[in-house]
$ cat data-v4.pdb   # PDB, C-alpha atoms
ATOM      1  CA  MET D   1      86.444  27.640  30.781  1.00  0.00           C
ATOM      2  CA  LYS D   2      85.119  29.560  33.774  1.00  0.00           C
ATOM      3  CA  LEU D   3      84.524  26.390  35.796  1.00  0.00           C
ATOM      4  CA  ASP D   4      87.520  25.529  37.961  1.00  0.00           C
ATOM      5  CA  LYS D   5      86.425  22.131  39.294  1.00  0.00           C
ATOM      6  CA  PRO D   6      84.091  19.314  38.260  1.00  0.00           C
ATOM      7  CA  VAL D   7      80.476  20.457  38.525  1.00  0.00           C
ATOM      8  CA  THR D   8      77.382  18.356  37.855  1.00  0.00           C
ATOM      9  CA  GLY D   9      76.448  18.855  34.214  1.00  0.00           C
ATOM     10  CA  GLY D  10      79.845  20.231  33.239  1.00  0.00           C
ATOM     11  CA  PRO D  11      82.909  18.682  31.622  1.00  0.00           C
ATOM     12  CA  CYS D  12      84.855  16.781  34.265  1.00  0.00           C
ATOM     13  CA  TRP D  13      87.352  14.648  32.348  1.00  0.00           C
ATOM     14  CA  THR D  14      88.851  13.951  28.961  1.00  0.00           C
ATOM     15  CA  GLU D  15      90.489  10.779  27.761  1.00  0.00           C
ATOM     16  CA  LEU D  16      92.298   9.717  24.619  1.00  0.00           C
ATOM     17  CA  GLY D  17      91.471   6.431  22.960  1.00  0.00           C
ATOM     18  CA  THR D  18      94.563   5.433  20.999  1.00  0.00           C
ATOM     19  CA  ASN D  19      96.060   2.494  19.110  1.00  0.00           C
ATOM     20  CA  ASP D  20      99.559   3.327  20.408  1.00  0.00           C
ATOM     21  CA  LEU D  21      99.469   3.894  24.133  1.00  0.00           C
ATOM     22  CA  GLU D  22     103.239   4.125  24.574  1.00  0.00           C
ATOM     23  CA  GLY D  23     103.571   6.540  21.668  1.00  0.00           C
ATOM     24  CA  ALA D  24     100.798   8.701  23.092  1.00  0.00           C
ATOM     25  CA  LYS D  25     102.510   8.786  26.485  1.00  0.00           C
ATOM     26  CA  ARG D  26     105.717  10.043  24.870  1.00  0.00           C
ATOM     27  CA  PHE D  27     104.000  12.649  22.709  1.00  0.00           C
ATOM     28  CA  TYR D  28     101.843  14.261  25.397  1.00  0.00           C
ATOM     29  CA  THR D  29     104.577  14.124  28.012  1.00  0.00           C
ATOM     30  CA  GLU D  30     106.798  16.091  25.652  1.00  0.00           C
ATOM     31  CA  LEU D  31     104.004  18.454  24.673  1.00  0.00           C
ATOM     32  CA  PHE D  32     102.411  19.227  28.045  1.00  0.00           C
ATOM     33  CA  GLY D  33     104.878  17.913  30.616  1.00  0.00           C
ATOM     34  CA  TRP D  34     102.424  15.278  31.805  1.00  0.00           C
ATOM     35  CA  ARG D  35     103.440  12.526  34.193  1.00  0.00           C
ATOM     36  CA  PRO D  36     101.597   9.371  33.095  1.00  0.00           C
ATOM     37  CA  GLU D  37     100.740   6.626  35.586  1.00  0.00           C
ATOM     38  CA  THR D  38      99.360   3.348  34.225  1.00  0.00           C
ATOM     39  CA  ASP D  39      96.966   1.313  36.360  1.00  0.00           C
ATOM     40  CA  PRO D  40      98.788  -2.007  36.942  1.00  0.00           C
ATOM     41  CA  ARG D  41      95.608  -4.061  37.318  1.00  0.00           C
ATOM     42  CA  GLN D  42      95.060  -6.381  34.368  1.00  0.00           C
ATOM     43  CA  GLU D  43      91.361  -5.591  34.254  1.00  0.00           C
ATOM     44  CA  ALA D  44      92.185  -1.881  33.855  1.00  0.00           C
ATOM     45  CA  GLY D  45      93.497  -2.585  30.346  1.00  0.00           C
ATOM     46  CA  GLY D  46      96.437  -0.220  30.561  1.00  0.00           C
ATOM     47  CA  TYR D  47      94.340   2.787  31.568  1.00  0.00           C
ATOM     48  CA  THR D  48      96.796   5.617  32.119  1.00  0.00           C
ATOM     49  CA  VAL D  49      96.123   8.799  34.069  1.00  0.00           C
ATOM     50  CA  ALA D  50      98.220  11.854  33.231  1.00  0.00           C
ATOM     51  CA  HIS D  51      99.206  14.194  36.058  1.00  0.00           C
ATOM     52  CA  LEU D  52     100.548  17.690  36.452  1.00  0.00           C
ATOM     53  CA  GLY D  53     102.091  17.736  39.893  1.00  0.00           C
ATOM     54  CA  ASP D  54      99.642  15.805  42.061  1.00  0.00           C
ATOM     55  CA  ALA D  55      96.610  16.693  39.945  1.00  0.00           C
ATOM     56  CA  ALA D  56      95.044  14.231  37.507  1.00  0.00           C
ATOM     57  CA  VAL D  57      94.360  16.100  34.266  1.00  0.00           C
ATOM     58  CA  ALA D  58      93.504  13.550  31.541  1.00  0.00           C
ATOM     59  CA  ALA D  59      93.695   9.887  30.616  1.00  0.00           C
ATOM     60  CA  LEU D  60      95.141   7.764  27.833  1.00  0.00           C
ATOM     61  CA  THR D  61      93.558   4.399  27.081  1.00  0.00           C
ATOM     62  CA  ARG D  62      93.477   1.653  24.502  1.00  0.00           C
ATOM     63  CA  LEU D  63      90.625   1.803  22.025  1.00  0.00           C
ATOM     64  CA  TYR D  64      87.201   0.418  22.731  1.00  0.00           C
ATOM     65  CA  GLN D  65      86.001  -1.913  19.965  1.00  0.00           C
ATOM     66  CA  PHE D  66      83.694   0.709  18.457  1.00  0.00           C
ATOM     67  CA  GLN D  67      85.976   3.704  18.944  1.00  0.00           C
ATOM     68  CA  PRO D  68      88.146   5.592  16.455  1.00  0.00           C
ATOM     69  CA  VAL D  69      91.416   7.155  17.600  1.00  0.00           C
ATOM     70  CA  ALA D  70      90.099  10.305  19.264  1.00  0.00           C
ATOM     71  CA  TRP D  71      89.868  12.429  22.361  1.00  0.00           C
ATOM     72  CA  ASN D  72      86.623  11.989  24.301  1.00  0.00           C
ATOM     73  CA  VAL D  73      84.894  14.336  26.731  1.00  0.00           C
ATOM     74  CA  SER D  74      83.078  13.235  29.909  1.00  0.00           C
ATOM     75  CA  PHE D  75      80.349  15.228  31.662  1.00  0.00           C
ATOM     76  CA  ALA D  76      79.637  14.829  35.368  1.00  0.00           C
ATOM     77  CA  VAL D  77      76.174  13.592  36.320  1.00  0.00           C
ATOM     78  CA  ALA D  78      74.495  12.803  39.630  1.00  0.00           C
ATOM     79  CA  ASP D  79      72.970   9.560  38.319  1.00  0.00           C
ATOM     80  CA  ALA D  80      74.379   7.899  35.197  1.00  0.00           C
ATOM     81  CA  ASP D  81      71.407   5.564  34.797  1.00  0.00           C
ATOM     82  CA  ALA D  82      68.834   8.337  35.026  1.00  0.00           C
ATOM     83  CA  THR D  83      70.816  10.563  32.669  1.00  0.00           C
ATOM     84  CA  ALA D  84      71.210   7.694  30.190  1.00  0.00           C
ATOM     85  CA  ARG D  85      67.425   7.366  30.113  1.00  0.00           C
ATOM     86  CA  THR D  86      67.097  11.114  29.535  1.00  0.00           C
ATOM     87  CA  VAL D  87      69.619  10.871  26.680  1.00  0.00           C
ATOM     88  CA  GLU D  88      67.459   8.296  24.925  1.00  0.00           C
ATOM     89  CA  GLU D  89      64.207  10.151  25.613  1.00  0.00           C
ATOM     90  CA  ALA D  90      65.782  13.265  24.051  1.00  0.00           C
ATOM     91  CA  GLY D  91      66.736  11.398  20.872  1.00  0.00           C
ATOM     92  CA  GLY D  92      70.258  10.245  21.684  1.00  0.00           C
ATOM     93  CA  THR D  93      71.623   6.706  21.877  1.00  0.00           C
ATOM     94  CA  VAL D  94      73.501   5.004  24.708  1.00  0.00           C
ATOM     95  CA  ILE D  95      76.135   2.727  23.167  1.00  0.00           C
ATOM     96  CA  LEU D  96      77.961   1.523  26.289  1.00  0.00           C
ATOM     97  CA  GLY D  97      76.874   1.136  29.892  1.00  0.00           C
ATOM     98  CA  PRO D  98      76.087   2.507  32.335  1.00  0.00           C
ATOM     99  CA  LEU D  99      78.667   0.379  34.116  1.00  0.00           C
ATOM    100  CA  ASP D 100      80.800   0.589  37.226  1.00  0.00           C
ATOM    101  CA  VAL D 101      84.496   1.439  36.940  1.00  0.00           C
ATOM    102  CA  PHE D 102      85.892  -0.222  40.067  1.00  0.00           C
ATOM    103  CA  ASP D 103      84.931   2.097  42.934  1.00  0.00           C
ATOM    104  CA  ALA D 104      85.859   5.233  40.959  1.00  0.00           C
ATOM    105  CA  GLY D 105      82.447   5.929  39.451  1.00  0.00           C
ATOM    106  CA  ARG D 106      79.777   4.877  36.990  1.00  0.00           C
ATOM    107  CA  PHE D 107      80.279   5.443  33.287  1.00  0.00           C
ATOM    108  CA  ALA D 108      78.377   5.468  30.001  1.00  0.00           C
ATOM    109  CA  VAL D 109      79.077   6.401  26.378  1.00  0.00           C
ATOM    110  CA  ALA D 110      76.359   7.996  24.256  1.00  0.00           C
ATOM    111  CA  LEU D 111      75.735   9.570  20.873  1.00  0.00           C
ATOM    112  CA  ASP D 112      73.752  12.767  20.563  1.00  0.00           C
ATOM    113  CA  PRO D 113      71.074  12.955  17.818  1.00  0.00           C
ATOM    114  CA  THR D 114      73.579  14.514  15.406  1.00  0.00           C
ATOM    115  CA  GLY D 115      76.064  11.628  15.831  1.00  0.00           C
ATOM    116  CA  ALA D 116      78.626  13.120  18.234  1.00  0.00           C
ATOM    117  CA  ALA D 117      79.919  10.814  20.983  1.00  0.00           C
ATOM    118  CA  PHE D 118      80.211  11.940  24.597  1.00  0.00           C
ATOM    119  CA  GLN D 119      80.574  10.288  27.987  1.00  0.00           C
ATOM    120  CA  LEU D 120      78.685  10.398  31.276  1.00  0.00           C
ATOM    121  CA  TRP D 121      80.550  10.143  34.559  1.00  0.00           C
ATOM    122  CA  GLN D 122      78.868   9.610  37.917  1.00  0.00           C
ATOM    123  CA  PRO D 123      81.700  10.176  40.391  1.00  0.00           C
ATOM    124  CA  ARG D 124      82.335   8.092  43.460  1.00  0.00           C
ATOM    125  CA  THR D 125      85.956   8.082  44.641  1.00  0.00           C
ATOM    126  CA  PHE D 126      87.181   9.880  41.499  1.00  0.00           C
ATOM    127  CA  PRO D 127      85.526  13.257  40.817  1.00  0.00           C
ATOM    128  CA  GLY D 128      87.390  14.019  37.586  1.00  0.00           C
ATOM    129  CA  ALA D 129      90.181  16.412  36.709  1.00  0.00           C
ATOM    130  CA  GLY D 130      91.942  18.050  39.615  1.00  0.00           C
ATOM    131  CA  LEU D 131      93.098  21.065  37.603  1.00  0.00           C
ATOM    132  CA  PHE D 132      91.518  23.268  34.948  1.00  0.00           C
ATOM    133  CA  ASN D 133      92.775  26.207  32.888  1.00  0.00           C
ATOM    134  CA  ALA D 134      96.424  25.923  33.955  1.00  0.00           C
ATOM    135  CA  PRO D 135      98.949  25.105  31.206  1.00  0.00           C
ATOM    136  CA  GLY D 136      98.615  21.449  30.258  1.00  0.00           C
ATOM    137  CA  SER D 137      95.091  21.035  31.635  1.00  0.00           C
ATOM    138  CA  LEU D 138      91.600  21.108  30.165  1.00  0.00           C
ATOM    139  CA  GLY D 139      90.444  24.592  29.332  1.00  0.00           C
ATOM    140  CA  TRP D 140      87.475  24.350  26.927  1.00  0.00           C
ATOM    141  CA  VAL D 141      85.353  21.739  25.143  1.00  0.00           C
ATOM    142  CA  GLU D 142      83.791  22.170  21.735  1.00  0.00           C
ATOM    143  CA  LEU D 143      81.123  20.349  19.770  1.00  0.00           C
ATOM    144  CA  ALA D 144      81.364  20.331  15.979  1.00  0.00           C
ATOM    145  CA  THR D 145      78.108  19.289  14.312  1.00  0.00           C
ATOM    146  CA  HIS D 146      76.040  19.705  11.163  1.00  0.00           C
ATOM    147  CA  ASP D 147      72.802  20.363  13.063  1.00  0.00           C
ATOM    148  CA  THR D 148      73.336  23.025  15.704  1.00  0.00           C
ATOM    149  CA  ASP D 149      69.632  23.558  16.378  1.00  0.00           C
ATOM    150  CA  ARG D 150      69.024  19.913  17.211  1.00  0.00           C
ATOM    151  CA  ALA D 151      72.179  19.707  19.294  1.00  0.00           C
ATOM    152  CA  ARG D 152      71.239  22.847  21.236  1.00  0.00           C
ATOM    153  CA  ASP D 153      67.847  21.416  22.172  1.00  0.00           C
ATOM    154  CA  PHE D 154      69.310  18.019  23.077  1.00  0.00           C
ATOM    155  CA  TYR D 155      72.034  19.206  25.448  1.00  0.00           C
ATOM    156  CA  ALA D 156      69.781  21.786  27.095  1.00  0.00           C
ATOM    157  CA  THR D 157      67.320  18.972  27.797  1.00  0.00           C
ATOM    158  CA  VAL D 158      69.870  16.442  29.035  1.00  0.00           C
ATOM    159  CA  PHE D 159      72.132  18.704  31.102  1.00  0.00           C
ATOM    160  CA  GLY D 160      70.189  21.946  31.533  1.00  0.00           C
ATOM    161  CA  TRP D 161      72.968  23.996  29.977  1.00  0.00           C
ATOM    162  CA  THR D 162      72.588  27.696  29.407  1.00  0.00           C
ATOM    163  CA  VAL D 163      73.139  28.863  25.841  1.00  0.00           C
ATOM    164  CA  ASN D 164      74.918  32.024  24.769  1.00  0.00           C
ATOM    165  CA  ALA D 165      74.539  32.171  20.998  1.00  0.00           C
ATOM    166  CA  SER D 166      76.000  34.649  18.556  1.00  0.00           C
ATOM    167  CA  GLU D 167      75.808  34.703  14.776  1.00  0.00           C
ATOM    168  CA  TRP D 168      78.893  32.531  14.362  1.00  0.00           C
ATOM    169  CA  TYR D 169      79.314  30.578  17.604  1.00  0.00           C
ATOM    170  CA  THR D 170      77.342  29.122  20.505  1.00  0.00           C
ATOM    171  CA  GLN D 171      78.728  28.944  24.041  1.00  0.00           C
ATOM    172  CA  TRP D 172      77.534  26.399  26.600  1.00  0.00           C
ATOM    173  CA  GLY D 173      77.324  27.221  30.289  1.00  0.00           C
ATOM    174  CA  ILE D 174      76.035  26.187  33.682  1.00  0.00           C
ATOM    175  CA  ASP D 175      74.106  29.024  35.280  1.00  0.00           C
ATOM    176  CA  GLY D 176      75.838  31.339  32.835  1.00  0.00           C
ATOM    177  CA  GLU D 177      79.375  30.119  33.590  1.00  0.00           C
ATOM    178  CA  ASP D 178      80.611  29.165  30.126  1.00  0.00           C
ATOM    179  CA  PHE D 179      82.763  26.065  29.706  1.00  0.00           C
ATOM    180  CA  GLY D 180      82.503  25.202  26.019  1.00  0.00           C
ATOM    181  CA  GLY D 181      81.032  25.918  22.661  1.00  0.00           C
ATOM    182  CA  MET D 182      79.493  24.614  19.471  1.00  0.00           C
ATOM    183  CA  ALA D 183      80.508  25.221  15.867  1.00  0.00           C
ATOM    184  CA  ASP D 184      78.630  24.420  12.682  1.00  0.00           C
ATOM    185  CA  MET D 185      80.783  22.026  10.632  1.00  0.00           C
ATOM    186  CA  GLY D 186      79.372  23.308   7.355  1.00  0.00           C
ATOM    187  CA  ASP D 187      81.772  22.424   4.558  1.00  0.00           C
ATOM    188  CA  ARG D 188      84.908  23.122   6.625  1.00  0.00           C
ATOM    189  CA  PHE D 189      85.479  19.447   7.414  1.00  0.00           C
ATOM    190  CA  PRO D 190      86.118  16.529   5.053  1.00  0.00           C
ATOM    191  CA  PRO D 191      82.928  14.494   4.538  1.00  0.00           C
ATOM    192  CA  GLU D 192      84.379  11.494   6.365  1.00  0.00           C
ATOM    193  CA  VAL D 193      84.767  13.469   9.627  1.00  0.00           C
ATOM    194  CA  PRO D 194      81.727  12.828  11.858  1.00  0.00           C
ATOM    195  CA  PRO D 195      80.263  15.255  14.391  1.00  0.00           C
ATOM    196  CA  HIS D 196      82.446  15.198  17.487  1.00  0.00           C
ATOM    197  CA  TRP D 197      83.455  16.737  20.798  1.00  0.00           C
ATOM    198  CA  MET D 198      87.021  18.001  21.129  1.00  0.00           C
ATOM    199  CA  PRO D 199      88.972  19.222  24.173  1.00  0.00           C
ATOM    200  CA  TYR D 200      91.108  22.340  24.225  1.00  0.00           C
ATOM    201  CA  PHE D 201      94.083  22.386  26.573  1.00  0.00           C
ATOM    202  CA  ALA D 202      95.448  25.586  28.067  1.00  0.00           C
ATOM    203  CA  VAL D 203      99.087  26.347  27.225  1.00  0.00           C
ATOM    204  CA  ALA D 204     101.467  29.168  28.024  1.00  0.00           C
ATOM    205  CA  ASP D 205     102.295  29.838  24.361  1.00  0.00           C
ATOM    206  CA  VAL D 206     100.209  28.509  21.469  1.00  0.00           C
ATOM    207  CA  ASP D 207     102.880  29.055  18.841  1.00  0.00           C
ATOM    208  CA  ALA D 208     105.624  27.387  20.869  1.00  0.00           C
ATOM    209  CA  THR D 209     103.353  24.428  21.691  1.00  0.00           C
ATOM    210  CA  THR D 210     102.497  24.029  18.017  1.00  0.00           C
ATOM    211  CA  GLN D 211     106.181  23.865  17.152  1.00  0.00           C
ATOM    212  CA  VAL D 212     106.800  21.240  19.841  1.00  0.00           C
ATOM    213  CA  ALA D 213     103.925  19.161  18.424  1.00  0.00           C
ATOM    214  CA  ILE D 214     105.436  19.295  14.937  1.00  0.00           C
ATOM    215  CA  GLU D 215     108.863  18.285  16.215  1.00  0.00           C
ATOM    216  CA  ALA D 216     107.254  15.363  18.095  1.00  0.00           C
ATOM    217  CA  ASP D 217     105.705  14.069  14.819  1.00  0.00           C
ATOM    218  CA  GLY D 218     102.314  15.666  15.334  1.00  0.00           C
ATOM    219  CA  SER D 219     100.645  17.849  12.719  1.00  0.00           C
ATOM    220  CA  VAL D 220      98.683  21.084  12.530  1.00  0.00           C
ATOM    221  CA  LEU D 221      95.029  21.187  11.470  1.00  0.00           C
ATOM    222  CA  VAL D 222      94.447  24.863  12.261  1.00  0.00           C
ATOM    223  CA  GLU D 223      97.493  27.117  12.422  1.00  0.00           C
ATOM    224  CA  PRO D 224      97.871  29.383  15.468  1.00  0.00           C
ATOM    225  CA  THR D 225      95.181  31.990  15.043  1.00  0.00           C
ATOM    226  CA  SER D 226      94.069  35.008  17.040  1.00  0.00           C
ATOM    227  CA  MET D 227      90.318  35.024  17.706  1.00  0.00           C
ATOM    228  CA  GLY D 228      89.563  38.706  17.920  1.00  0.00           C
ATOM    229  CA  SER D 229      91.438  40.340  20.775  1.00  0.00           C
ATOM    230  CA  VAL D 230      90.767  37.715  23.466  1.00  0.00           C
ATOM    231  CA  ARG D 231      92.202  34.355  22.481  1.00  0.00           C
ATOM    232  CA  ARG D 232      94.895  32.634  20.425  1.00  0.00           C
ATOM    233  CA  ILE D 233      94.185  29.038  19.477  1.00  0.00           C
ATOM    234  CA  ALA D 234      95.440  26.192  17.308  1.00  0.00           C
ATOM    235  CA  VAL D 235      94.115  22.742  16.485  1.00  0.00           C
ATOM    236  CA  LEU D 236      96.686  19.959  16.422  1.00  0.00           C
ATOM    237  CA  ARG D 237      96.752  16.249  15.665  1.00  0.00           C
ATOM    238  CA  ASP D 238      98.873  13.700  17.484  1.00  0.00           C
ATOM    239  CA  PRO D 239     100.958  11.089  15.610  1.00  0.00           C
ATOM    240  CA  GLN D 240      98.154   8.530  15.908  1.00  0.00           C
ATOM    241  CA  GLY D 241      95.572  10.881  14.394  1.00  0.00           C
ATOM    242  CA  ALA D 242      93.640  12.309  17.373  1.00  0.00           C
ATOM    243  CA  ALA D 243      92.712  15.991  17.080  1.00  0.00           C
ATOM    244  CA  PHE D 244      92.763  18.428  19.996  1.00  0.00           C
ATOM    245  CA  GLY D 245      92.916  22.147  20.509  1.00  0.00           C
ATOM    246  CA  VAL D 246      95.220  24.417  22.480  1.00  0.00           C
ATOM    247  CA  TYR D 247      94.630  27.962  23.628  1.00  0.00           C
ATOM    248  CA  ALA D 248      96.632  30.559  25.501  1.00  0.00           C
ATOM    249  CA  ALA D 249      96.215  30.139  29.263  1.00  0.00           C
ATOM    250  CA  GLY D 250      94.902  33.158  31.100  1.00  0.00           C
ATOM    251  CA  GLU D 251      92.800  34.407  28.204  1.00  0.00           C
ATOM    252  CA  GLU D 252      89.068  34.646  28.609  1.00  0.00           C
ATOM    253  CA  GLY D 253      86.631  32.452  26.680  1.00  0.00           C
TER     254      GLY D 253
END
$ encode --input "data-v4.pdb" --output "structure tokens"
Amino acid sequence: MKLDKPVTGGPCWTELGTNDLEGAKRFYTELFGWRPETDPRQEAGGYTVAHLGDAAVAALTRLYQFQPVAWNVSFAVADADATARTVEEAGGTVILGPLDVFDAGRFAVALDPTGAAFQLWQPRTFPGAGLFNAPGSLGWVELATHDTDRARDFYATVFGWTVNASEWYTQWGIDGEDFGGMADMGDRFPPEVPPHWMPYFAVADVDATTQVAIEADGSVLVEPTSMGSVRRIAVLRDPQGAAFGVYAAGEEG
């Protein structure tokens, strides 16, 4: 991810919806060294923000009614209500909100036309992640879908993203600054896996992180793999079933 702070239209936050909040706290603390802080207000529902030093880097939360155990990606917008209307005009569906989250911001959950869920975040007192690309923080976001052409048109319309497409992979950007990508699911995923967004977290050592995940009762979906000469990645799954990626910090996307 070339972006180093939340930018309108770009990924600004990622949060895990889980059916075992305490278990998730233990797993990710061991894996990334996060310091979780749970909002004590009853109406916050146990919402937990993970920190590295003083920087907020991700959140862990109990499941929404409609939500599977999964990581979710939020994109910063100037006006959640206006963007929600654009989502629907472009063929997507808004399934929650927009609604206010205390004084932190305004929030909505949507589905793109291919069925992948994503979130809109209009910041007020909380802009999003305070750290990117450093070990343990968000470093890349990736859409997996069966209809890359439709997805490309949709996200370009909604967010104005730039598109850098090759034969095998599409990279998303803002004014050419790439922050994520898109992969065709093809037949590489089981049929029950829907289109989805997935975060990648930067780590110092992909292989070592993978081993820590295994020892903490996680599992490996994609073994540590070198992508050409520029990146080493792996895709892991936490003990509750949420998938996420890791990649070697300091390597270019």
$ resolve_selection --input "data-v4.pdb" --expression "the PyMOL selection byres ((chain D and resi 130) around 9)" --output "tab-separated table (two decimals) with C-alpha atoms, in the frame of the given file"
chain	number	residue	atom	x	y	z
D	4	ASP	CA	87.52	25.53	37.96
D	5	LYS	CA	86.42	22.13	39.29
D	6	PRO	CA	84.09	19.31	38.26
D	12	CYS	CA	84.86	16.78	34.26
D	51	HIS	CA	99.21	14.19	36.06
D	54	ASP	CA	99.64	15.80	42.06
D	55	ALA	CA	96.61	16.69	39.94
D	56	ALA	CA	95.04	14.23	37.51
D	57	VAL	CA	94.36	16.10	34.27
D	127	PRO	CA	85.53	13.26	40.82
D	128	GLY	CA	87.39	14.02	37.59
D	129	ALA	CA	90.18	16.41	36.71
D	131	LEU	CA	93.10	21.06	37.60
D	132	PHE	CA	91.52	23.27	34.95
$ atom_distance --input "data-v4.pdb" --atom1 "atom CA of Leu21 of chain D" --atom2 "atom CA of Tyr200 of chain D"
20.3 Å
$ residues_near_point --input "data-v4.pdb" --point "(66.9, 21.5, 23.2)" --cutoff "12 Å" --atoms "only C-alpha atoms" --output "compact mmCIF listing (two decimals) with C-alpha atoms, in the coordinates of the input"
# COMPACT_ATOMS: atom_id res chain seq x y z
CA VAL D 87 69.62 10.87 26.68
CA GLU D 89 64.21 10.15 25.61
CA ALA D 90 65.78 13.26 24.05
CA GLY D 91 66.74 11.40 20.87
CA GLY D 92 70.26 10.24 21.68
CA ASP D 112 73.75 12.77 20.56
CA PRO D 113 71.07 12.96 17.82
CA ASP D 147 72.80 20.36 13.06
CA THR D 148 73.34 23.02 15.70
CA ASP D 149 69.63 23.56 16.38
CA ARG D 150 69.02 19.91 17.21
CA ALA D 151 72.18 19.71 19.29
CA ARG D 152 71.24 22.85 21.24
CA ASP D 153 67.85 21.42 22.17
CA PHE D 154 69.31 18.02 23.08
CA TYR D 155 72.03 19.21 25.45
CA ALA D 156 69.78 21.79 27.10
CA THR D 157 67.32 18.97 27.80
CA VAL D 158 69.87 16.44 29.04
CA PHE D 159 72.13 18.70 31.10
CA GLY D 160 70.19 21.95 31.53
CA TRP D 161 72.97 24.00 29.98
CA THR D 162 72.59 27.70 29.41
CA VAL D 163 73.14 28.86 25.84
$ resolve_selection --input "data-v4.pdb" --expression "the PyMOL selection byres ((chain D and resi 236-238) around 9)" --output "NGL selection string"
:D and (24 or 27-28 or 210 or 213-214 or 216-223 or 234-235 or 239-246)
$ atom_distance --input "data-v4.pdb" --atom1 "atom CA of Leu143 of chain D" --atom2 "atom CA of Met185 of chain D"
9.3 Å
$ closest_residue --input "data-v4.pdb" --among "D:Ala44, D:Val141, D:Val212, D:Ala58" --to "Pro11 of chain D" --atoms "only C-alpha atoms"
D:Val141
$ closest_residue --input "data-v4.pdb" --among "D:Ser137, D:Glu30, D:Asp81, D:Glu142" --to "Ala202 of chain D" --atoms "only C-alpha atoms"
D:Ser137
